[in-house]
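*Asks:* A single structure is presented below for examination.
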Amino acid sequence: MSIANDIDQPRHKRSDEGIRENHSRTTFQLINAKKAIFYDNFHAACSEVDLEISVTVQLSFVEYSNSIKEDIIPAVDIATASNGTTAFEILTLAAKQNPCYRFQYKTFSFGRYITQICCVSENTTTQYHWFININDGPSPVGVDELKPSHGDIIRFEYRYINYNASNHHEKVIGDQSKTGFNQTDVEDTKPEVSVSVGLSFADHPSPNVIPFHEVDAASNTTAFELLQLAAKLNPCYNYRYKQFSFGRYITTICCVEQNTTSGFYWFVYINGKRSSVGVDLLKPKDGDTLTFQYEQWKLQNTNDTTLSATYSTMNAPVTTPRSTPTGKSAKTFSLWFNLYLLSAVAILSLQL
């Protein structure tokens, strides 16, 4: 509409158009204001909900060994964590729930770098290292900078990396490398018995039992050899031991070491009862359940050896030259003396 035509229009008509224009502008502004209020309230509500998040943590051994399934370690659900919790802190929470997630790291100027999880360390010779993924994609940042959101999945992968290639590629190495695992001398013979082998940690919140593995072996296979076979199926069964005259003594499983201060040791149970002999003398039968349990030692006054956690403290030996053990030290002396006698009787019974 030209200026001339606008002047020729009746005054009341021009006023009506102005009112309609002002009304349209006012309505538009009100709509935008309502949208702004809605989005402000929406984001405020989301921020309030996201004050706490839930995250799933997984471990994966990618093409590491033909005998080890990639996802052999169960995932851990972190039900409650503060928004802004880092991947490093999430892994720490997972380790408190499941000892298979215990880890080691190195600190650099750029942050912390994971070197070991589940007793499996990085290996610069075979070029296997720990990597972190977020929702099935590689994380662009390290464990100190990655802050997962509600519902995210953090996955720590142990896999091969080609140092010399411009692009990193994985390779299949089968059973050529088992760094972090104990090699076994058990021959692959025709299975004659099937034994359920499991781990239990009385120092962890329930559920504190690592899923059992059905281990097939020859007859007369010892508990020690069954532990070796289990370690080939699951890295959490990796172990260390000490050799004594009466046989081998397990000191560590899944990088969880005996603790003389707290009194926690590794004990062997067969079908829910504590074994009266050691790992070299115990020979489970077909269908038996073999459990390695990490629990506190308790001087038992009864014959009850039911599988159960105990919580009394074992006192460390006290060195007192040319003196007779008394009080708490006497209990410790009695403990080791009884263990020695038990082992000696077992060895003599076999020789007879």
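By order in the structure tokens, chains are A, B, ...; within a chain, residues start at 1; ligands start at 1, following the order shown.
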Would you kindly return, as a list in words, each protein, DNA or RNA residue with an atom no farther than 6 Å from any atom of range 120-137 of chain A, considering only C-alpha atoms and excluding same-chain residues fewer than 5 positions away?
*Replies:* Thr115, Ile153, Ile154, Arg155, Phe156, Glu157, Tyr158, Arg159, Tyr160, Ile161 and Gly180 of chain A
*Asks:* Give one line per residue of range 211-306 of chain A that approaches range 58-62 of chain A to at most 12 Å, naming the two atoms of the closest pair and their distance in Å to one decimal, counting only C-alpha atoms; sort by chain then ascending residue number and deliver it as JSON lines.
*Replies:*
{"residue": "A:Leu233", "atom": "CA", "partner": "A:Phe61", "partner_atom": "CA", "distance": 11.6}
{"residue": "A:Asn234", "atom": "CA", "partner": "A:Phe61", "partner_atom": "CA", "distance": 10.2}
{"residue": "A:Pro235", "atom": "CA", "partner": "A:Phe61", "partner_atom": "CA", "distance": 9.5}
{"residue": "A:Cys236", "atom": "CA", "partner": "A:Leu59", "partner_atom": "CA", "distance": 11.3}
*Asks:* When DSSP works through the backbone of this structure, what residues of range 87-287 of chain A end up as helix (DSSP H, G or I), shown as a PyMOL selection string?
*Replies:* chain A and resi 87-97+99-101+223-233+235-237
*Asks:* Name the closest residue to Asn220 in chain A among the candidates A:Trp266, A:Pro191, A:Ala79, A:Val277; distances are taken between atoms, counting only C-alpha atoms.
*Replies:*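 With only C-alpha atoms as the atom set, the closest residue is A:Pro191.
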*Asks:* Select, from A:Pro138, A:Gly272, A:Pro284, A:Pro148, the residue with the minimum atom-to-atom distance to Ile90 in chain A, counting only C-alpha atoms.
*Replies:*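 Result for the nearest residue to Ile90 in chain A: A:Pro148.
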